[in-house]
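Undergrad: Mind having a look at this structure? Questions to follow.
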Amino acid sequence: MEEPDPELMKKAQRAQYILYGVMLLFLVIPFVLLWLIRRGTFE
């Protein structure tokens, strides 16, 4: 089994962090929108 490329590993890790960030964002956005609507921001 050959040694994995450290540069590739770094890129994969960064991609994973971005993916988690986007997922968190999509989980948070609906709650923020609900909160804003309940406060009457869009009235």
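Quick note on naming: the chains in the structure tokens go A, B, ... in the order shown, residues restart at 1 in each chain, and ligands are numbered from 1 in order of appearance.
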As a ChimeraX atom specification, please: every residue in chain A that DSSP puts in alpha helix (DSSP H).
TA: /A:6-39
